[in-house]
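Here is the structure we will look at.
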Amino acid sequence: ASWLFFAGIPQHLAQHLQFTAQEFVLDGKHKEAIPAALHALRFATEVYGSNSVQLVPAYLLLAEASAGVGRLPQASKYLSQAQWIVLRTPDCSVALQCKLHRSLGLFCAAEGDFEQALYHLANDVYLASSTFGLKSIETSGGYFHMANVFFQQNKTDIANSLYAKVEPHKQRGSPRIFHSQGRVAGTYSSGIQASHVKFTVRIKEKSH
């Protein structure tokens, strides 16, 4: 019995650290989120193995947190790892697939690859609507991010039609959810911008 108790400790630690990292990310504290997410990943790997789908949430958190501090290559690496695991897991939950596509879509949008961004976000919407319904809050999150991408492309008619699908949820008392969704999108965008600024500064330093 005592062995079972101690054996369960890494699993509980992984869950707790993942929750902690998520809270840091939602609060915009990306630097603080990284150590918690890394430890969550380590404990989850210890419990489930290095190829388990249980590691994907930690990878997605690490990607978002890394983007938030301007570490774009690292964020891309974490997203690729998460995608690789999901592709190798036929019975991966729809909710997790949606999260992955959304994260990939936001990363692509922040890099200016709008075609790939819309591809991933469309997959997010398709999976969410097929499982949770067209008018679900899960699906609306995808509409919201797709609308942002179309807006960035100056396709305001399409953007407004998608924003209209989101509005009922905001009116029904879900504005906090969409505030956090907007913050997630901003995280990737600001991460790209920070990376570009650092790159420009380094070029200027070398030229002097």
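All residue names refer to the structure tokens as shown: chains lettered A, B, ... in order, residues numbered from 1 in each chain, ligands numbered from 1 in order.
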For segment 84-98 of chain A, list every protein, DNA or RNA residue within 10 Å, evaluated using only C-alpha atoms, and leave out those in the same chain fewer than 2 positions away; present the list as a PDB file with N, CA and C atoms, in the first residue's frame.
```pdb
ATOM      1  N   SER A  50       7.869   8.680 -22.510  1.00  0.00           N
ATOM      2  CA  SER A  50       8.220   9.856 -23.314  1.00  0.00           C
ATOM      3  C   SER A  50       7.340  10.065 -24.543  1.00  0.00           C
ATOM      4  N   ASN A  51       6.557   9.054 -24.920  1.00  0.00           N
ATOM      5  CA  ASN A  51       5.717   9.181 -26.114  1.00  0.00           C
ATOM      6  C   ASN A  51       4.228   9.247 -25.792  1.00  0.00           C
ATOM      7  N   SER A  52       3.913   9.456 -24.525  1.00  0.00           N
ATOM      8  CA  SER A  52       2.511   9.437 -24.109  1.00  0.00           C
ATOM      9  C   SER A  52       1.787  10.729 -24.462  1.00  0.00           C
ATOM     10  N   VAL A  53       0.523  10.593 -24.812  1.00  0.00           N
ATOM     11  CA  VAL A  53      -0.308  11.758 -25.113  1.00  0.00           C
ATOM     12  C   VAL A  53      -0.519  12.617 -23.864  1.00  0.00           C
ATOM     13  N   GLN A  54      -0.268  12.042 -22.698  1.00  0.00           N
ATOM     14  CA  GLN A  54      -0.402  12.790 -21.447  1.00  0.00           C
ATOM     15  C   GLN A  54       0.626  13.922 -21.340  1.00  0.00           C
ATOM     16  N   LEU A  55       1.641  13.880 -22.192  1.00  0.00           N
ATOM     17  CA  LEU A  55       2.671  14.919 -22.170  1.00  0.00           C
ATOM     18  C   LEU A  55       2.283  16.146 -22.997  1.00  0.00           C
ATOM     19  N   VAL A  56       1.300  15.984 -23.860  1.00  0.00           N
ATOM     20  CA  VAL A  56       0.944  17.056 -24.803  1.00  0.00           C
ATOM     21  C   VAL A  56       0.539  18.361 -24.107  1.00  0.00           C
ATOM     22  N   PRO A  57      -0.311  18.327 -23.065  1.00  0.00           N
ATOM     23  CA  PRO A  57      -0.656  19.598 -22.409  1.00  0.00           C
ATOM     24  C   PRO A  57       0.560  20.364 -21.902  1.00  0.00           C
ATOM     25  N   LEU A  60       2.313  21.986 -24.846  1.00  0.00           N
ATOM     26  CA  LEU A  60       1.579  23.160 -25.333  1.00  0.00           C
ATOM     27  C   LEU A  60       1.778  24.356 -24.402  1.00  0.00           C
ATOM     28  N   TYR A  78       8.599  22.666 -29.193  1.00  0.00           N
ATOM     29  CA  TYR A  78       7.603  22.057 -28.303  1.00  0.00           C
ATOM     30  C   TYR A  78       6.314  21.723 -29.063  1.00  0.00           C
ATOM     31  N   LEU A  79       5.909  22.612 -29.951  1.00  0.00           N
ATOM     32  CA  LEU A  79       4.706  22.358 -30.749  1.00  0.00           C
ATOM     33  C   LEU A  79       4.900  21.149 -31.663  1.00  0.00           C
ATOM     34  N   SER A  80       6.079  21.040 -32.240  1.00  0.00           N
ATOM     35  CA  SER A  80       6.374  19.897 -33.114  1.00  0.00           C
ATOM     36  C   SER A  80       6.332  18.591 -32.332  1.00  0.00           C
ATOM     37  N   GLN A  81       6.853  18.623 -31.117  1.00  0.00           N
ATOM     38  CA  GLN A  81       6.846  17.427 -30.278  1.00  0.00           C
ATOM     39  C   GLN A  81       5.416  17.026 -29.925  1.00  0.00           C
ATOM     40  N   ALA A  82       4.603  18.015 -29.585  1.00  0.00           N
ATOM     41  CA  ALA A  82       3.198  17.744 -29.262  1.00  0.00           C
ATOM     42  C   ALA A  82       2.470  17.178 -30.479  1.00  0.00           C
ATOM     43  N   LEU A 100      -4.221  21.453 -29.776  1.00  0.00           N
ATOM     44  CA  LEU A 100      -3.014  21.413 -30.595  1.00  0.00           C
ATOM     45  C   LEU A 100      -3.188  22.254 -31.857  1.00  0.00           C
ATOM     46  N   HIS A 101      -4.292  22.040 -32.572  1.00  0.00           N
ATOM     47  CA  HIS A 101      -4.522  22.803 -33.802  1.00  0.00           C
ATOM     48  C   HIS A 101      -4.615  24.301 -33.508  1.00  0.00           C
ATOM     49  N   ARG A 102      -5.218  24.637 -32.390  1.00  0.00           N
ATOM     50  CA  ARG A 102      -5.342  26.055 -32.041  1.00  0.00           C
ATOM     51  C   ARG A 102      -3.971  26.665 -31.770  1.00  0.00           C
ATOM     52  N   SER A 103      -3.150  25.947 -31.028  1.00  0.00           N
ATOM     53  CA  SER A 103      -1.804  26.443 -30.727  1.00  0.00           C
ATOM     54  C   SER A 103      -0.974  26.585 -31.999  1.00  0.00           C
ATOM     55  N   LEU A 104      -1.061  25.585 -32.877  1.00  0.00           N
ATOM     56  CA  LEU A 104      -0.334  25.649 -34.145  1.00  0.00           C
ATOM     57  C   LEU A 104      -0.850  26.804 -35.006  1.00  0.00           C
ATOM     58  N   HIS A 120      -5.038  25.173 -39.641  1.00  0.00           N
ATOM     59  CA  HIS A 120      -5.092  24.587 -38.299  1.00  0.00           C
ATOM     60  C   HIS A 120      -6.332  25.040 -37.535  1.00  0.00           C
ATOM     61  N   LEU A 121      -6.673  26.307 -37.653  1.00  0.00           N
ATOM     62  CA  LEU A 121      -7.848  26.810 -36.938  1.00  0.00           C
ATOM     63  C   LEU A 121      -9.140  26.226 -37.510  1.00  0.00           C
ATOM     64  N   ALA A 122      -9.161  25.973 -38.815  1.00  0.00           N
ATOM     65  CA  ALA A 122     -10.332  25.328 -39.425  1.00  0.00           C
ATOM     66  C   ALA A 122     -10.476  23.901 -38.905  1.00  0.00           C
ATOM     67  N   ASN A 123      -9.353  23.223 -38.722  1.00  0.00           N
ATOM     68  CA  ASN A 123      -9.390  21.881 -38.130  1.00  0.00           C
ATOM     69  C   ASN A 123      -9.894  21.935 -36.696  1.00  0.00           C
ATOM     70  N   ASP A 124      -9.457  22.949 -35.979  1.00  0.00           N
ATOM     71  CA  ASP A 124      -9.921  23.164 -34.608  1.00  0.00           C
ATOM     72  C   ASP A 124     -11.445  23.305 -34.587  1.00  0.00           C
ATOM     73  N   VAL A 125     -11.970  24.159 -35.454  1.00  0.00           N
ATOM     74  CA  VAL A 125     -13.416  24.403 -35.521  1.00  0.00           C
ATOM     75  C   VAL A 125     -14.167  23.149 -35.947  1.00  0.00           C
ATOM     76  N   TYR A 126     -13.634  22.450 -36.942  1.00  0.00           N
ATOM     77  CA  TYR A 126     -14.296  21.238 -37.440  1.00  0.00           C
ATOM     78  C   TYR A 126     -14.404  20.177 -36.340  1.00  0.00           C
ATOM     79  N   LEU A 127     -13.292  19.931 -35.665  1.00  0.00           N
ATOM     80  CA  LEU A 127     -13.282  18.913 -34.611  1.00  0.00           C
ATOM     81  C   LEU A 127     -14.195  19.310 -33.454  1.00  0.00           C
ATOM     82  N   ALA A 128     -14.123  20.580 -33.071  1.00  0.00           N
ATOM     83  CA  ALA A 128     -14.939  21.053 -31.949  1.00  0.00           C
ATOM     84  C   ALA A 128     -16.426  21.011 -32.282  1.00  0.00           C
ATOM     85  N   SER A 130     -17.930  19.156 -34.506  1.00  0.00           N
ATOM     86  CA  SER A 130     -18.382  17.773 -34.687  1.00  0.00           C
ATOM     87  C   SER A 130     -18.646  17.090 -33.354  1.00  0.00           C
ATOM     88  N   THR A 131     -17.905  17.504 -32.349  1.00  0.00           N
ATOM     89  CA  THR A 131     -18.009  16.856 -31.040  1.00  0.00           C
ATOM     90  C   THR A 131     -18.900  17.624 -30.069  1.00  0.00           C
ATOM     91  N   PHE A 132     -18.720  18.931 -30.029  1.00  0.00           N
ATOM     92  CA  PHE A 132     -19.424  19.740 -29.028  1.00  0.00           C
ATOM     93  C   PHE A 132     -20.602  20.529 -29.593  1.00  0.00           C
ATOM     94  N   GLU A 138     -16.579  25.785 -27.079  1.00  0.00           N
ATOM     95  CA  GLU A 138     -15.333  25.234 -27.625  1.00  0.00           C
ATOM     96  C   GLU A 138     -15.149  25.642 -29.085  1.00  0.00           C
ATOM     97  N   THR A 139     -16.245  25.569 -29.848  1.00  0.00           N
ATOM     98  CA  THR A 139     -16.181  25.935 -31.262  1.00  0.00           C
ATOM     99  C   THR A 139     -16.005  27.441 -31.435  1.00  0.00           C
ATOM    100  N   GLY A 142     -12.478  28.806 -31.650  1.00  0.00           N
ATOM    101  CA  GLY A 142     -11.853  28.680 -32.964  1.00  0.00           C
ATOM    102  C   GLY A 142     -12.326  29.759 -33.924  1.00  0.00           C
TER     103      GLY A 142
END
```
Identify, with DSSP run on backbone atoms, the residues in segment 44-146 of chain A assigned to helix (DSSP H, G or I), and express the list as an mmCIF file with N, CA and C atoms, in the first residue's frame.
```
data_model
loop_
_atom_site.group_PDB
_atom_site.id
_atom_site.type_symbol
_atom_site.label_atom_id
_atom_site.label_comp_id
_atom_site.auth_asym_id
_atom_site.auth_seq_id
_atom_site.Cartn_x
_atom_site.Cartn_y
_atom_site.Cartn_z
ATOM 1 N N ALA A 44 5.497 13.880 -15.729
ATOM 2 C CA ALA A 44 4.575 13.170 -16.620
ATOM 3 C C ALA A 44 5.325 12.121 -17.445
ATOM 4 N N THR A 45 6.534 12.467 -17.870
ATOM 5 C CA THR A 45 7.357 11.517 -18.621
ATOM 6 C C THR A 45 7.718 10.318 -17.755
ATOM 7 N N GLU A 46 8.012 10.593 -16.498
ATOM 8 C CA GLU A 46 8.356 9.529 -15.554
ATOM 9 C C GLU A 46 7.186 8.571 -15.349
ATOM 10 N N VAL A 47 5.979 9.116 -15.332
ATOM 11 C CA VAL A 47 4.791 8.299 -15.070
ATOM 12 C C VAL A 47 4.296 7.592 -16.330
ATOM 13 N N TYR A 48 4.211 8.337 -17.444
ATOM 14 C CA TYR A 48 3.538 7.817 -18.638
ATOM 15 C C TYR A 48 4.475 7.386 -19.768
ATOM 16 N N VAL A 53 0.523 10.593 -24.812
ATOM 17 C CA VAL A 53 -0.308 11.758 -25.113
ATOM 18 C C VAL A 53 -0.519 12.617 -23.864
ATOM 19 N N GLN A 54 -0.268 12.042 -22.698
ATOM 20 C CA GLN A 54 -0.402 12.790 -21.447
ATOM 21 C C GLN A 54 0.626 13.922 -21.340
ATOM 22 N N LEU A 55 1.641 13.880 -22.192
ATOM 23 C CA LEU A 55 2.671 14.919 -22.170
ATOM 24 C C LEU A 55 2.283 16.146 -22.997
ATOM 25 N N VAL A 56 1.300 15.984 -23.860
ATOM 26 C CA VAL A 56 0.944 17.056 -24.803
ATOM 27 C C VAL A 56 0.539 18.361 -24.107
ATOM 28 N N PRO A 57 -0.311 18.327 -23.065
ATOM 29 C CA PRO A 57 -0.656 19.598 -22.409
ATOM 30 C C PRO A 57 0.560 20.364 -21.902
ATOM 31 N N ALA A 58 1.538 19.641 -21.362
ATOM 32 C CA ALA A 58 2.749 20.306 -20.867
ATOM 33 C C ALA A 58 3.537 20.914 -22.023
ATOM 34 N N TYR A 59 3.619 20.188 -23.136
ATOM 35 C CA TYR A 59 4.323 20.724 -24.308
ATOM 36 C C TYR A 59 3.638 21.990 -24.832
ATOM 37 N N LEU A 60 2.313 21.986 -24.846
ATOM 38 C CA LEU A 60 1.579 23.160 -25.333
ATOM 39 C C LEU A 60 1.778 24.356 -24.402
ATOM 40 N N LEU A 61 1.806 24.095 -23.110
ATOM 41 C CA LEU A 61 2.072 25.170 -22.153
ATOM 42 C C LEU A 61 3.487 25.720 -22.331
ATOM 43 N N LEU A 62 4.430 24.822 -22.539
ATOM 44 C CA LEU A 62 5.817 25.247 -22.752
ATOM 45 C C LEU A 62 5.945 26.069 -24.031
ATOM 46 N N ALA A 63 5.201 25.679 -25.049
ATOM 47 C CA ALA A 63 5.238 26.425 -26.312
ATOM 48 C C ALA A 63 4.712 27.840 -26.114
ATOM 49 N N GLU A 64 3.589 27.954 -25.429
ATOM 50 C CA GLU A 64 2.999 29.276 -25.219
ATOM 51 C C GLU A 64 3.880 30.143 -24.323
ATOM 52 N N ALA A 65 4.402 29.535 -23.261
ATOM 53 C CA ALA A 65 5.262 30.288 -22.347
ATOM 54 C C ALA A 65 6.552 30.717 -23.044
ATOM 55 N N SER A 66 7.113 29.830 -23.851
ATOM 56 C CA SER A 66 8.345 30.157 -24.580
ATOM 57 C C SER A 66 8.104 31.293 -25.569
ATOM 58 N N ALA A 67 6.967 31.238 -26.251
ATOM 59 C CA ALA A 67 6.621 32.324 -27.175
ATOM 60 C C ALA A 67 6.467 33.631 -26.419
ATOM 61 N N GLY A 68 5.916 33.538 -25.220
ATOM 62 C CA GLY A 68 5.687 34.735 -24.415
ATOM 63 C C GLY A 68 6.958 35.447 -23.998
ATOM 64 N N LEU A 72 11.105 31.812 -29.770
ATOM 65 C CA LEU A 72 10.286 31.215 -30.820
ATOM 66 C C LEU A 72 10.792 29.860 -31.314
ATOM 67 N N PRO A 73 12.102 29.682 -31.507
ATOM 68 C CA PRO A 73 12.572 28.357 -31.936
ATOM 69 C C PRO A 73 12.207 27.262 -30.927
ATOM 70 N N GLN A 74 12.294 27.614 -29.643
ATOM 71 C CA GLN A 74 11.949 26.645 -28.606
ATOM 72 C C GLN A 74 10.452 26.352 -28.626
ATOM 73 N N ALA A 75 9.649 27.389 -28.820
ATOM 74 C CA ALA A 75 8.197 27.206 -28.897
ATOM 75 C C ALA A 75 7.838 26.292 -30.062
ATOM 76 N N SER A 76 8.482 26.511 -31.196
ATOM 77 C CA SER A 76 8.235 25.684 -32.375
ATOM 78 C C SER A 76 8.608 24.224 -32.110
ATOM 79 N N LYS A 77 9.693 24.033 -31.393
ATOM 80 C CA LYS A 77 10.149 22.681 -31.058
ATOM 81 C C LYS A 77 9.128 21.966 -30.180
ATOM 82 N N TYR A 78 8.599 22.666 -29.193
ATOM 83 C CA TYR A 78 7.603 22.057 -28.303
ATOM 84 C C TYR A 78 6.314 21.723 -29.063
ATOM 85 N N LEU A 79 5.909 22.612 -29.951
ATOM 86 C CA LEU A 79 4.706 22.358 -30.749
ATOM 87 C C LEU A 79 4.900 21.149 -31.663
ATOM 88 N N SER A 80 6.079 21.040 -32.240
ATOM 89 C CA SER A 80 6.374 19.897 -33.114
ATOM 90 C C SER A 80 6.332 18.591 -32.332
ATOM 91 N N GLN A 81 6.853 18.623 -31.117
ATOM 92 C CA GLN A 81 6.846 17.427 -30.278
ATOM 93 C C GLN A 81 5.416 17.026 -29.925
ATOM 94 N N ALA A 82 4.603 18.015 -29.585
ATOM 95 C CA ALA A 82 3.198 17.744 -29.262
ATOM 96 C C ALA A 82 2.470 17.178 -30.479
ATOM 97 N N GLN A 83 2.728 17.761 -31.634
ATOM 98 C CA GLN A 83 2.077 17.305 -32.865
ATOM 99 C C GLN A 83 2.489 15.875 -33.206
ATOM 100 N N TRP A 84 3.748 15.568 -33.027
ATOM 101 C CA TRP A 84 4.257 14.227 -33.319
ATOM 102 C C TRP A 84 3.569 13.182 -32.441
ATOM 103 N N ILE A 85 3.398 13.504 -31.163
ATOM 104 C CA ILE A 85 2.749 12.564 -30.244
ATOM 105 C C ILE A 85 1.287 12.359 -30.626
ATOM 106 N N VAL A 86 0.593 13.453 -30.925
ATOM 107 C CA VAL A 86 -0.827 13.355 -31.278
ATOM 108 C C VAL A 86 -1.012 12.532 -32.552
ATOM 109 N N LEU A 87 -0.146 12.738 -33.524
ATOM 110 C CA LEU A 87 -0.245 11.984 -34.777
ATOM 111 C C LEU A 87 -0.022 10.490 -34.564
ATOM 112 N N VAL A 94 -10.567 14.475 -28.708
ATOM 113 C CA VAL A 94 -10.866 15.601 -29.597
ATOM 114 C C VAL A 94 -10.456 16.917 -28.945
ATOM 115 N N ALA A 95 -10.691 17.030 -27.657
ATOM 116 C CA ALA A 95 -10.349 18.268 -26.948
ATOM 117 C C ALA A 95 -8.858 18.584 -27.074
ATOM 118 N N LEU A 96 -8.032 17.553 -26.954
ATOM 119 C CA LEU A 96 -6.590 17.759 -27.049
ATOM 120 C C LEU A 96 -6.173 18.074 -28.484
ATOM 121 N N GLN A 97 -6.809 17.421 -29.446
ATOM 122 C CA GLN A 97 -6.526 17.726 -30.851
ATOM 123 C C GLN A 97 -6.884 19.178 -31.167
ATOM 124 N N CYS A 98 -7.996 19.637 -30.608
ATOM 125 C CA CYS A 98 -8.408 21.032 -30.810
ATOM 126 C C CYS A 98 -7.365 21.990 -30.243
ATOM 127 N N LYS A 99 -6.897 21.685 -29.041
ATOM 128 C CA LYS A 99 -5.890 22.544 -28.407
ATOM 129 C C LYS A 99 -4.617 22.606 -29.245
ATOM 130 N N LEU A 100 -4.221 21.453 -29.776
ATOM 131 C CA LEU A 100 -3.014 21.413 -30.595
ATOM 132 C C LEU A 100 -3.188 22.254 -31.857
ATOM 133 N N HIS A 101 -4.292 22.040 -32.572
ATOM 134 C CA HIS A 101 -4.522 22.803 -33.802
ATOM 135 C C HIS A 101 -4.615 24.301 -33.508
ATOM 136 N N ARG A 102 -5.218 24.637 -32.390
ATOM 137 C CA ARG A 102 -5.342 26.055 -32.041
ATOM 138 C C ARG A 102 -3.971 26.665 -31.770
ATOM 139 N N SER A 103 -3.150 25.947 -31.028
ATOM 140 C CA SER A 103 -1.804 26.443 -30.727
ATOM 141 C C SER A 103 -0.974 26.585 -31.999
ATOM 142 N N LEU A 104 -1.061 25.585 -32.877
ATOM 143 C CA LEU A 104 -0.334 25.649 -34.145
ATOM 144 C C LEU A 104 -0.850 26.804 -35.006
ATOM 145 N N GLY A 105 -2.162 26.988 -35.005
ATOM 146 C CA GLY A 105 -2.754 28.072 -35.777
ATOM 147 C C GLY A 105 -2.302 29.435 -35.301
ATOM 148 N N LEU A 106 -2.267 29.611 -33.993
ATOM 149 C CA LEU A 106 -1.846 30.897 -33.434
ATOM 150 C C LEU A 106 -0.369 31.167 -33.705
ATOM 151 N N PHE A 107 0.426 30.114 -33.626
ATOM 152 C CA PHE A 107 1.856 30.271 -33.901
ATOM 153 C C PHE A 107 2.072 30.671 -35.363
ATOM 154 N N CYS A 108 1.376 29.994 -36.273
ATOM 155 C CA CYS A 108 1.502 30.314 -37.699
ATOM 156 C C CYS A 108 1.008 31.731 -37.990
ATOM 157 N N ALA A 109 -0.085 32.115 -37.339
ATOM 158 C CA ALA A 109 -0.626 33.464 -37.545
ATOM 159 C C ALA A 109 0.365 34.517 -37.076
ATOM 160 N N ALA A 110 0.991 34.262 -35.938
ATOM 161 C CA ALA A 110 1.961 35.214 -35.400
ATOM 162 C C ALA A 110 3.175 35.344 -36.314
ATOM 163 N N GLU A 111 3.498 34.262 -37.017
ATOM 164 C CA GLU A 111 4.621 34.304 -37.957
ATOM 165 C C GLU A 111 4.223 34.903 -39.305
ATOM 166 N N PHE A 114 -0.558 32.986 -42.753
ATOM 167 C CA PHE A 114 -2.000 32.973 -42.532
ATOM 168 C C PHE A 114 -2.684 31.749 -43.142
ATOM 169 N N GLU A 115 -2.141 31.256 -44.236
ATOM 170 C CA GLU A 115 -2.743 30.077 -44.877
ATOM 171 C C GLU A 115 -2.681 28.866 -43.946
ATOM 172 N N GLN A 116 -1.508 28.631 -43.380
ATOM 173 C CA GLN A 116 -1.361 27.514 -42.449
ATOM 174 C C GLN A 116 -2.141 27.767 -41.162
ATOM 175 N N ALA A 117 -2.181 29.022 -40.751
ATOM 176 C CA ALA A 117 -2.932 29.372 -39.544
ATOM 177 C C ALA A 117 -4.408 29.012 -39.716
ATOM 178 N N LEU A 118 -4.970 29.384 -40.854
ATOM 179 C CA LEU A 118 -6.381 29.093 -41.108
ATOM 180 C C LEU A 118 -6.622 27.594 -41.269
ATOM 181 N N TYR A 119 -5.638 26.894 -41.810
ATOM 182 C CA TYR A 119 -5.754 25.438 -41.940
ATOM 183 C C TYR A 119 -5.909 24.798 -40.556
ATOM 184 N N HIS A 120 -5.038 25.173 -39.641
ATOM 185 C CA HIS A 120 -5.092 24.587 -38.299
ATOM 186 C C HIS A 120 -6.332 25.040 -37.535
ATOM 187 N N LEU A 121 -6.673 26.307 -37.653
ATOM 188 C CA LEU A 121 -7.848 26.810 -36.938
ATOM 189 C C LEU A 121 -9.140 26.226 -37.510
ATOM 190 N N ALA A 122 -9.161 25.973 -38.815
ATOM 191 C CA ALA A 122 -10.332 25.328 -39.425
ATOM 192 C C ALA A 122 -10.476 23.901 -38.905
ATOM 193 N N ASN A 123 -9.353 23.223 -38.722
ATOM 194 C CA ASN A 123 -9.390 21.881 -38.130
ATOM 195 C C ASN A 123 -9.894 21.935 -36.696
ATOM 196 N N ASP A 124 -9.457 22.949 -35.979
ATOM 197 C CA ASP A 124 -9.921 23.164 -34.608
ATOM 198 C C ASP A 124 -11.445 23.305 -34.587
ATOM 199 N N VAL A 125 -11.970 24.159 -35.454
ATOM 200 C CA VAL A 125 -13.416 24.403 -35.521
ATOM 201 C C VAL A 125 -14.167 23.149 -35.947
ATOM 202 N N TYR A 126 -13.634 22.450 -36.942
ATOM 203 C CA TYR A 126 -14.296 21.238 -37.440
ATOM 204 C C TYR A 126 -14.404 20.177 -36.340
ATOM 205 N N LEU A 127 -13.292 19.931 -35.665
ATOM 206 C CA LEU A 127 -13.282 18.913 -34.611
ATOM 207 C C LEU A 127 -14.195 19.310 -33.454
ATOM 208 N N ALA A 128 -14.123 20.580 -33.071
ATOM 209 C CA ALA A 128 -14.939 21.053 -31.949
ATOM 210 C C ALA A 128 -16.426 21.011 -32.282
ATOM 211 N N SER A 129 -16.779 21.460 -33.482
ATOM 212 C CA SER A 129 -18.198 21.489 -33.859
ATOM 213 C C SER A 129 -18.761 20.083 -34.020
ATOM 214 N N SER A 130 -17.930 19.156 -34.506
ATOM 215 C CA SER A 130 -18.382 17.773 -34.687
ATOM 216 C C SER A 130 -18.646 17.090 -33.354
ATOM 217 N N THR A 131 -17.905 17.504 -32.349
ATOM 218 C CA THR A 131 -18.009 16.856 -31.040
ATOM 219 C C THR A 131 -18.900 17.624 -30.069
ATOM 220 N N PHE A 132 -18.720 18.931 -30.029
ATOM 221 C CA PHE A 132 -19.424 19.740 -29.028
ATOM 222 C C PHE A 132 -20.602 20.529 -29.593
ATOM 223 N N ILE A 137 -19.149 26.657 -26.798
ATOM 224 C CA ILE A 137 -18.085 27.589 -26.429
ATOM 225 C C ILE A 137 -16.748 27.116 -26.982
ATOM 226 N N GLU A 138 -16.579 25.785 -27.079
ATOM 227 C CA GLU A 138 -15.333 25.234 -27.625
ATOM 228 C C GLU A 138 -15.149 25.642 -29.085
ATOM 229 N N THR A 139 -16.245 25.569 -29.848
ATOM 230 C CA THR A 139 -16.181 25.935 -31.262
ATOM 231 C C THR A 139 -16.005 27.441 -31.435
ATOM 232 N N SER A 140 -16.639 28.205 -30.572
ATOM 233 C CA SER A 140 -16.565 29.666 -30.677
ATOM 234 C C SER A 140 -15.141 30.187 -30.523
ATOM 235 N N GLY A 141 -14.347 29.504 -29.707
ATOM 236 C CA GLY A 141 -12.955 29.921 -29.556
ATOM 237 C C GLY A 141 -12.209 29.858 -30.881
ATOM 238 N N GLY A 142 -12.478 28.806 -31.650
ATOM 239 C CA GLY A 142 -11.853 28.680 -32.964
ATOM 240 C C GLY A 142 -12.326 29.759 -33.924
ATOM 241 N N TYR A 143 -13.634 30.042 -33.896
ATOM 242 C CA TYR A 143 -14.177 31.123 -34.729
ATOM 243 C C TYR A 143 -13.488 32.452 -34.403
ATOM 244 N N PHE A 144 -13.305 32.678 -33.116
ATOM 245 C CA PHE A 144 -12.698 33.926 -32.647
ATOM 246 C C PHE A 144 -11.298 34.112 -33.240
ATOM 247 N N HIS A 145 -10.499 33.058 -33.186
ATOM 248 C CA HIS A 145 -9.130 33.159 -33.694
ATOM 249 C C HIS A 145 -9.096 33.227 -35.221
ATOM 250 N N MET A 146 -10.011 32.509 -35.880
ATOM 251 C CA MET A 146 -10.092 32.614 -37.342
ATOM 252 C C MET A 146 -10.474 34.032 -37.750
#
```
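Using only C-alpha atoms, the protein and nucleic acid residues lying no more than 12 Å from Ile158 of chain A, apart from those fewer than 5 places from it along its own chain, are Tyr143, Phe144, Met146, Ala147, Asn148, Val149, Phe150, Phe151, Gln152, Gln153, Tyr163, Ala164 and Lys165 of chain A.
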Selection from above, N, CA and C atoms, as a PDB file, in the first residue's frame, can you write it?
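The resulting file, selection_20.pdb, is reproduced below:
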```
ATOM      1  N   TYR A 143     -13.634  30.042 -33.896  1.00  0.00           N
ATOM      2  CA  TYR A 143     -14.177  31.123 -34.729  1.00  0.00           C
ATOM      3  C   TYR A 143     -13.488  32.452 -34.403  1.00  0.00           C
ATOM      4  N   PHE A 144     -13.305  32.678 -33.116  1.00  0.00           N
ATOM      5  CA  PHE A 144     -12.698  33.926 -32.647  1.00  0.00           C
ATOM      6  C   PHE A 144     -11.298  34.112 -33.240  1.00  0.00           C
ATOM      7  N   MET A 146     -10.011  32.509 -35.880  1.00  0.00           N
ATOM      8  CA  MET A 146     -10.092  32.614 -37.342  1.00  0.00           C
ATOM      9  C   MET A 146     -10.474  34.032 -37.750  1.00  0.00           C
ATOM     10  N   ALA A 147     -11.394  34.617 -37.015  1.00  0.00           N
ATOM     11  CA  ALA A 147     -11.804  35.996 -37.304  1.00  0.00           C
ATOM     12  C   ALA A 147     -10.617  36.943 -37.189  1.00  0.00           C
ATOM     13  N   ASN A 148      -9.796  36.735 -36.167  1.00  0.00           N
ATOM     14  CA  ASN A 148      -8.612  37.582 -35.995  1.00  0.00           C
ATOM     15  C   ASN A 148      -7.661  37.474 -37.186  1.00  0.00           C
ATOM     16  N   VAL A 149      -7.503  36.251 -37.695  1.00  0.00           N
ATOM     17  CA  VAL A 149      -6.613  36.041 -38.842  1.00  0.00           C
ATOM     18  C   VAL A 149      -7.161  36.746 -40.077  1.00  0.00           C
ATOM     19  N   PHE A 150      -8.457  36.582 -40.329  1.00  0.00           N
ATOM     20  CA  PHE A 150      -9.059  37.251 -41.487  1.00  0.00           C
ATOM     21  C   PHE A 150      -8.976  38.775 -41.331  1.00  0.00           C
ATOM     22  N   PHE A 151      -9.117  39.245 -40.111  1.00  0.00           N
ATOM     23  CA  PHE A 151      -9.018  40.681 -39.862  1.00  0.00           C
ATOM     24  C   PHE A 151      -7.610  41.179 -40.187  1.00  0.00           C
ATOM     25  N   GLN A 152      -6.605  40.382 -39.829  1.00  0.00           N
ATOM     26  CA  GLN A 152      -5.222  40.748 -40.141  1.00  0.00           C
ATOM     27  C   GLN A 152      -4.975  40.787 -41.645  1.00  0.00           C
ATOM     28  N   GLN A 153      -5.765  40.023 -42.382  1.00  0.00           N
ATOM     29  CA  GLN A 153      -5.646  40.005 -43.842  1.00  0.00           C
ATOM     30  C   GLN A 153      -6.528  41.070 -44.498  1.00  0.00           C
ATOM     31  N   TYR A 163     -16.912  36.871 -36.084  1.00  0.00           N
ATOM     32  CA  TYR A 163     -17.076  37.520 -34.778  1.00  0.00           C
ATOM     33  C   TYR A 163     -18.532  37.434 -34.317  1.00  0.00           C
ATOM     34  N   ALA A 164     -19.445  37.480 -35.276  1.00  0.00           N
ATOM     35  CA  ALA A 164     -20.879  37.404 -34.945  1.00  0.00           C
ATOM     36  C   ALA A 164     -21.234  36.062 -34.309  1.00  0.00           C
ATOM     37  N   LYS A 165     -20.492  35.023 -34.669  1.00  0.00           N
ATOM     38  CA  LYS A 165     -20.736  33.700 -34.084  1.00  0.00           C
ATOM     39  C   LYS A 165     -20.237  33.634 -32.644  1.00  0.00           C
TER      40      LYS A 165
END
```
Could you jot down the atom CA of Val69 of chain A to atom CA of Gly28 of chain A separation for me, Å, one decimal place? 10.1 Å
